[in-house]
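Step one of this worksheet: look at the structure below.
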Amino acid sequence: MDFKKTILWAVFSLSGLMLYNNWIVHEGKPSLFSGAPANNNQPAPTQASARSDLPVQVSGATTTANTVPPSTSGLPADIGERFVLQNDVLALEISANGANLVEAKLLKELTAEKQPVELFQHTPTHTYVARSGLIALGNADLPNHTSAFKLVQSGKDGSGRPFIVLVSERNGVKLEKTFVLTPGSYVVDVGHRVTQANTNTTPLVLYTEIVRDGSEEKKIGPFGGAFAASTFTGPAVYTDSDKFKKVEFSEIEKNKVSITTQVAAGKPAWVAMVQHYFASAWIPGDKVARDIYTGKIDNNLYRIGMQIPLGVVAPGSAVVEKAQLFVGPQEERMLEQVAPGLELLKDYGYLTILAKPIFWLLEKIHSYVGNWGWAIILLTILIKTVFFPLSAASYKSMARMKEVQPRLTLMKEQFKGEPQKLNQAMMEMYRKEKINPVGGCLPVVIQIPVFISLYWVLLSSVEMRGAPWILWIQDLSIPDPYYILPIIMAISMFVQTKLNPTPPDPIQAKVMMYMPIIFSIMFFFFPAGLVLYWVVNNLLSIAQQWQINKLFGKKAV
């Protein structure tokens with residue numbers, strides 16, 4: 001039995017399985033290796049809350065559990081007048097009814113039609129908005145995301161930042177929302193000023209939430225293709241205790257969400273809505289304890305939000321609560337500057353520990369060469385150099401295996417029908433010749449986690465969205481449009497197969513012969529940047545293996 005080829009086949013099979021699992025996870029489907037989701041520790045919604053578009057006050061930091069009466073309307077079909085707030089990277093529209101952010105265009109991120117990518121939208125076919133408002137125990141009708149707001153002030157502040165102030169008043173409670181944009185920033189500073197005009201002992205609670213339907217976003221790759229389609233789409237939450245967690249829409253549908261709902265004062269936390277390359281996130285202040293909630297509002301309409309207790313506001317006094325709303329691309333370095341853990345919106349999966357340093361190194365190389373394609377090539381050379389000693393030992397082992405191949409063939413004829421004696425003879429020969437039959441597998445085993453980590457890096461990095469290399473490769477984040485790189489990779493794998501010793505087992509020999517075809521077909525659907533890495537890696541491996549085979553070929557068997 002040829003142990004090396006058996007292990008290689010097992011390694012390739014495992015690699016294919018892991019890649020397939022990564023693909024289905026990125027498509028928003030359950031992992032092959034995950035169990036059933038845990039039960040949600042939040043209470044099931046009551047009939048009142050199911051009918052109401054207002055959030056239910058959850059138990060924990062804010063107050064005791066209760067519900068508010070059904071709202072006469074949810075997100076208004078008629079959102080009224082729209083007010084525009086814009087800087088050089090972000091164009092927002094805020095509705096008069098509710099003072100909700102109902103449209104957000106990323107001015108520097110373009111679609112295939114050369115139009116800005118739209119995140120927030122409120123149309124008959126798609127709902128994705130950010131909103132906020134007040135709730136309280138009892139039947140108080142307070143300013144919320146359905147109330148009519150009036151524009152009281154707009155323009156630019158002393159620092160040149162555009163701003164808008166909208167106000168609504170109900171039952172003696174006035175809510176003033178201030179939206180401020182900083183030039184060059186995807187962060188909206190949102191201030192909520194609550195003023196009490198009459199005597200009211202009811203504690204008030206501010207909620208900030210993101211609402212989205214469960215549909216996947218449109219293909220946004222500049223040239224279309226499989227990898228321009230949506231990957232994971234849905235809510236996400238970050239807490240100091242559980243760190244980053246994604247929430248499937250199906251989990252909300254079945255009331256089987258498992259997240260931390262209570263956040264202590266002074267601890268960072270935020271809620272977000274994620275899609276391929278882009279995200280939005282509410283980042284409230286952390287001075288007081290907060291509650292996180294999720295829920296289904298209507299058919300195929302879901303939300304994730306956070307409740308912040310304001311306490312009892314004394315008559316004639318005001319309370320101000322500040323928050324930030326991020327709306328933009330998942331650029332890792334930028335996200336790190338906004339809030340603790342926000343860079344985790346760029347999700348590398350379970351190999352984050354490898355993927356983050358790989359991206360860091362890739363980014364450093366790019367800062368010198370200015371082209372992501374050449375950065376990938378240089379990164380491949382660097383990785384190959386690091387693994388050179390292991391690769392050299394492996395190729396030497398494979399070269400020795402090729403030398404003794406004629407003797408293995410004779411043994412197979414000599415012990416035909418006697419597999420036990422054949423294995424004993426082979427082991428004895430390996431011992432005398434000091435050959436490790438599994439020595440050639442080590443570089444493949446080591447490269448698999450690096451390869452899969454790079455897969456996540458290239459698939460998740462908006463930095464490479466639309467990034468060209470040379471000639472026909474104008475976007476490294478989508479498949480090669482002419483399949484030239486996958487064909488080159490298939491040829492290089494075929495050459496590698498020829499440089500390796502032929503397995504004595506004819507079935508294994510056929511499997512190794514068909515392997516380049518199988519893998520090249522898989523790579524037809526992978527990002528061009530990933531295939532570029534593998535092509536360069538194969539070419540370097542061929543050069544190294546050919547040189548070692550040439551040296552050992554001069555020796556007598």
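For the structure tokens, the naming scheme is as follows: chains receive sequential letters (A, B, ...) according to their order of presentation, residues are indexed from 1 within each chain, and ligands are indexed from 1 in presentation order.
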### Selection: 9 Å around Gly266 in chain A, only C-alpha atoms, excl. self and same-chain fewer than 2 positions, as JSON, numbers by chain
{"A": [263, 264, 268, 285, 286, 287, 288, 289]}
Could you save those same residues with N, CA, C and O atoms as a PDB file, in the first residue's frame?
ATOM      1  N   VAL A 263     -26.001  44.188  28.694  1.00  0.00           N
ATOM      2  CA  VAL A 263     -24.648  44.749  28.620  1.00  0.00           C
ATOM      3  C   VAL A 263     -24.455  45.681  29.806  1.00  0.00           C
ATOM      4  O   VAL A 263     -25.245  46.612  30.007  1.00  0.00           O
ATOM      5  N   ALA A 264     -23.424  45.440  30.577  1.00  0.00           N
ATOM      6  CA  ALA A 264     -23.165  46.245  31.767  1.00  0.00           C
ATOM      7  C   ALA A 264     -22.621  47.614  31.384  1.00  0.00           C
ATOM      8  O   ALA A 264     -22.027  47.798  30.312  1.00  0.00           O
ATOM      9  N   PRO A 268     -18.152  47.805  26.117  1.00  0.00           N
ATOM     10  CA  PRO A 268     -18.493  48.118  24.729  1.00  0.00           C
ATOM     11  C   PRO A 268     -19.493  47.127  24.161  1.00  0.00           C
ATOM     12  O   PRO A 268     -19.489  45.942  24.502  1.00  0.00           O
ATOM     13  N   GLY A 285     -23.519  54.987  23.314  1.00  0.00           N
ATOM     14  CA  GLY A 285     -22.572  55.216  24.396  1.00  0.00           C
ATOM     15  C   GLY A 285     -22.628  54.094  25.419  1.00  0.00           C
ATOM     16  O   GLY A 285     -23.568  53.300  25.447  1.00  0.00           O
ATOM     17  N   ASP A 286     -21.618  54.013  26.267  1.00  0.00           N
ATOM     18  CA  ASP A 286     -21.544  52.895  27.217  1.00  0.00           C
ATOM     19  C   ASP A 286     -21.583  53.353  28.678  1.00  0.00           C
ATOM     20  O   ASP A 286     -21.138  52.631  29.572  1.00  0.00           O
ATOM     21  N   LYS A 287     -22.137  54.536  28.930  1.00  0.00           N
ATOM     22  CA  LYS A 287     -22.158  55.042  30.311  1.00  0.00           C
ATOM     23  C   LYS A 287     -23.136  54.272  31.195  1.00  0.00           C
ATOM     24  O   LYS A 287     -22.967  54.204  32.406  1.00  0.00           O
ATOM     25  N   VAL A 288     -24.195  53.735  30.586  1.00  0.00           N
ATOM     26  CA  VAL A 288     -25.205  53.014  31.362  1.00  0.00           C
ATOM     27  C   VAL A 288     -25.356  51.602  30.808  1.00  0.00           C
ATOM     28  O   VAL A 288     -24.874  51.280  29.718  1.00  0.00           O
ATOM     29  N   ALA A 289     -26.051  50.763  31.582  1.00  0.00           N
ATOM     30  CA  ALA A 289     -26.340  49.408  31.111  1.00  0.00           C
ATOM     31  C   ALA A 289     -27.333  49.472  29.956  1.00  0.00           C
ATOM     32  O   ALA A 289     -28.178  50.379  29.883  1.00  0.00           O
TER      33      ALA A 289
END
### Task
Write down as a PyMOL selection string the residues belonging to range 259-377 of chain A that are assigned helix (DSSP H, G or I) by DSSP computed on the backbone.
chain A and resi 332-338+342-345+349-369+372-377
### Task
Tell me which protein, DNA and RNA residues are within 12 Å of Glu93 in chain A, counting only C-alpha atoms, leaving out same-chain ones fewer than 6 positions away, and put them as a list in words.
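The residues satisfying every condition are Ile79, Gly80, Glu81, Arg82, Phe83, Val84, Leu85, Gln86, Ala99, Asn100, Leu101, Val102, Glu103, Ala104, Lys105, Glu118, Leu119, Phe120, Gln121, His122, Val129, Ala130, Ile164 and Phe179 of chain A.
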### Query
Out of A:Ala136, A:Met522, A:Ile484, A:Val495, which residue has the shortest atom-to-atom distance to Ile542 in chain A when counting only C-alpha atoms?
A:Val495
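Across the structure, CA of Gln496 in chain A and CA of Pro481 in chain A are spaced 25.4 Å apart.
With only C-alpha atoms as the atoms that count, the residue of A:Asp347, A:Asp298, A:Glu169, A:Asp157 with the shortest distance to Asp213 in chain A is A:Asp298.
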## Note on the structure
Students should find that CA of Thr239 in chain A and CA of Pro340 in chain A are spaced 9.6 Å
### Task
Mind the document's chain letters and residue numbers, and return as a VMD selection string the residues of range 196-288 of chain A that DSSP labels strand (DSSP E or B).
chain A and resid 196 204 to 213 234 to 239 243 to 246 262 to 263 269 to 275 278 to 284
Generate the output file for the selected residues, C-alpha atoms, as an mmCIF file, in the first residue's frame.
data_model
loop_
_atom_site.group_PDB
_atom_site.id
_atom_site.type_symbol
_atom_site.label_atom_id
_atom_site.label_comp_id
_atom_site.auth_asym_id
_atom_site.auth_seq_id
_atom_site.Cartn_x
_atom_site.Cartn_y
_atom_site.Cartn_z
ATOM 1 C CA GLN A 196 -39.868 66.775 29.514
ATOM 2 C CA LEU A 204 -38.070 56.588 29.416
ATOM 3 C CA VAL A 205 -36.077 54.245 27.197
ATOM 4 C CA LEU A 206 -34.321 55.160 23.959
ATOM 5 C CA TYR A 207 -34.077 52.475 21.290
ATOM 6 C CA THR A 208 -31.769 52.434 18.265
ATOM 7 C CA GLU A 209 -32.298 49.678 15.724
ATOM 8 C CA ILE A 210 -31.608 48.503 12.186
ATOM 9 C CA VAL A 211 -34.445 46.992 10.176
ATOM 10 C CA ARG A 212 -33.950 44.897 7.069
ATOM 11 C CA ASP A 213 -35.828 42.379 4.978
ATOM 12 C CA GLY A 234 -28.009 39.350 8.343
ATOM 13 C CA PRO A 235 -27.731 40.876 11.821
ATOM 14 C CA ALA A 236 -24.622 40.745 13.975
ATOM 15 C CA VAL A 237 -23.852 41.763 17.532
ATOM 16 C CA TYR A 238 -20.723 42.494 19.545
ATOM 17 C CA THR A 239 -20.459 42.350 23.335
ATOM 18 C CA LYS A 243 -17.384 39.145 21.153
ATOM 19 C CA PHE A 244 -18.681 38.958 17.574
ATOM 20 C CA LYS A 245 -21.738 36.858 16.720
ATOM 21 C CA LYS A 246 -23.718 36.581 13.503
ATOM 22 C CA GLN A 262 -27.682 42.468 28.848
ATOM 23 C CA VAL A 263 -24.648 44.749 28.620
ATOM 24 C CA ALA A 269 -21.330 46.752 22.612
ATOM 25 C CA TRP A 270 -22.902 47.390 19.222
ATOM 26 C CA VAL A 271 -25.459 45.907 16.843
ATOM 27 C CA ALA A 272 -25.064 45.666 13.089
ATOM 28 C CA MET A 273 -26.498 44.498 9.799
ATOM 29 C CA VAL A 274 -23.951 42.770 7.568
ATOM 30 C CA GLN A 275 -23.760 41.942 3.897
ATOM 31 C CA PHE A 278 -20.562 46.419 3.528
ATOM 32 C CA ALA A 279 -22.281 46.915 6.867
ATOM 33 C CA SER A 280 -24.187 49.315 9.097
ATOM 34 C CA ALA A 281 -23.902 49.452 12.884
ATOM 35 C CA TRP A 282 -25.413 51.362 15.805
ATOM 36 C CA ILE A 283 -22.762 52.144 18.425
ATOM 37 C CA PRO A 284 -24.446 53.731 21.479
#
### Query
Interatomic distance between CA of Ser215 in chain A and CA of Glu251 in chain A?
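It comes out at 14.8 Å.
Excluding Val190 in chain A itself and same-chain residues fewer than 6 positions from it, the residues having an atom within 6 Å of it are Thr178, Phe179, Lys322, Ala323 and Gln324 of chain A, counting only C-alpha atoms.
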Would you write out those residues with all heavy atoms, as a compact mmCIF listing (two decimals), in the first residue's frame?
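Wrote it out as result.txt, contents follow:
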# COMPACT_ATOMS: atom_id res chain seq x y z
N THR A 178 -30.30 64.98 16.20
CA THR A 178 -29.27 65.73 15.48
C THR A 178 -28.37 64.74 14.75
O THR A 178 -27.80 63.83 15.36
CB THR A 178 -28.44 66.60 16.43
OG1 THR A 178 -29.30 67.48 17.15
CG2 THR A 178 -27.41 67.41 15.65
N PHE A 179 -28.23 64.92 13.43
CA PHE A 179 -27.37 64.07 12.61
C PHE A 179 -26.21 64.92 12.09
O PHE A 179 -26.43 65.96 11.47
CB PHE A 179 -28.15 63.49 11.43
CG PHE A 179 -29.37 62.69 11.83
CD1 PHE A 179 -30.60 63.31 12.00
CD2 PHE A 179 -29.27 61.32 12.04
CE1 PHE A 179 -31.72 62.58 12.37
CE2 PHE A 179 -30.39 60.58 12.42
CZ PHE A 179 -31.61 61.21 12.57
N LYS A 322 -25.91 60.28 23.21
CA LYS A 322 -25.20 60.31 21.93
C LYS A 322 -24.89 58.89 21.45
O LYS A 322 -24.61 58.00 22.24
CB LYS A 322 -23.91 61.12 22.04
CG LYS A 322 -24.14 62.60 22.33
CD LYS A 322 -22.83 63.37 22.39
CE LYS A 322 -23.07 64.85 22.65
NZ LYS A 322 -21.80 65.61 22.72
N ALA A 323 -24.94 58.71 20.15
CA ALA A 323 -24.62 57.43 19.54
C ALA A 323 -23.93 57.68 18.21
O ALA A 323 -23.94 58.81 17.68
CB ALA A 323 -25.88 56.59 19.33
N GLN A 324 -23.34 56.64 17.68
CA GLN A 324 -22.75 56.70 16.35
C GLN A 324 -23.41 55.66 15.47
O GLN A 324 -23.75 54.56 15.93
CB GLN A 324 -21.24 56.44 16.40
CG GLN A 324 -20.43 57.56 17.04
CD GLN A 324 -18.94 57.28 16.98
OE1 GLN A 324 -18.49 56.17 17.28
NE2 GLN A 324 -18.16 58.27 16.60
#### Entry: Nearest to Pro486 in chain A, chosen from A:Val320, A:Leu530, A:Leu382, A:Leu137, with only C-alpha atoms counted in the distances
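The shortest atom-to-atom distance to Pro486 in chain A comes from A:Leu530.
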### Summary
Judged by only C-alpha atoms, the minimum distance to Arg131 in chain A among A:Trp372, A:Lys108, A:His145, A:Met429 is found for A:His145
### Summary
From the list A:Pro479, A:Pro527, A:Pro468, A:Pro315, the nearest residue to Tyr455 in chain A using only C-alpha atoms is A:Pro527
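Nearest-residue note for Gly133 in chain A: choosing from A:Thr294, A:Ser241, A:Gln307, A:Asn87, the minimum distance belongs to A:Gln307, counting only C-alpha atoms.
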### Test item: residues at most 7 Å from Leu151 in chain A, only C-alpha atoms, excluding those fewer than 5 positions along its chain, as a list in words
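The residues satisfying every condition are Val165, Leu166 and Val167 of chain A.
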May I have the selected residues written with N, CA, C and O atoms, as a compact mmCIF listing (two decimals), in the first residue's frame?
# COMPACT_ATOMS: atom_id res chain seq x y z
N VAL A 165 -31.08 68.96 12.18
CA VAL A 165 -31.77 68.78 13.47
C VAL A 165 -33.27 68.65 13.18
O VAL A 165 -33.87 69.52 12.54
N LEU A 166 -33.88 67.57 13.67
CA LEU A 166 -35.31 67.30 13.50
C LEU A 166 -35.96 67.12 14.87
O LEU A 166 -35.34 66.52 15.77
N VAL A 167 -37.19 67.60 15.03
CA VAL A 167 -37.84 67.58 16.34
C VAL A 167 -39.26 67.05 16.21
O VAL A 167 -39.97 67.34 15.24
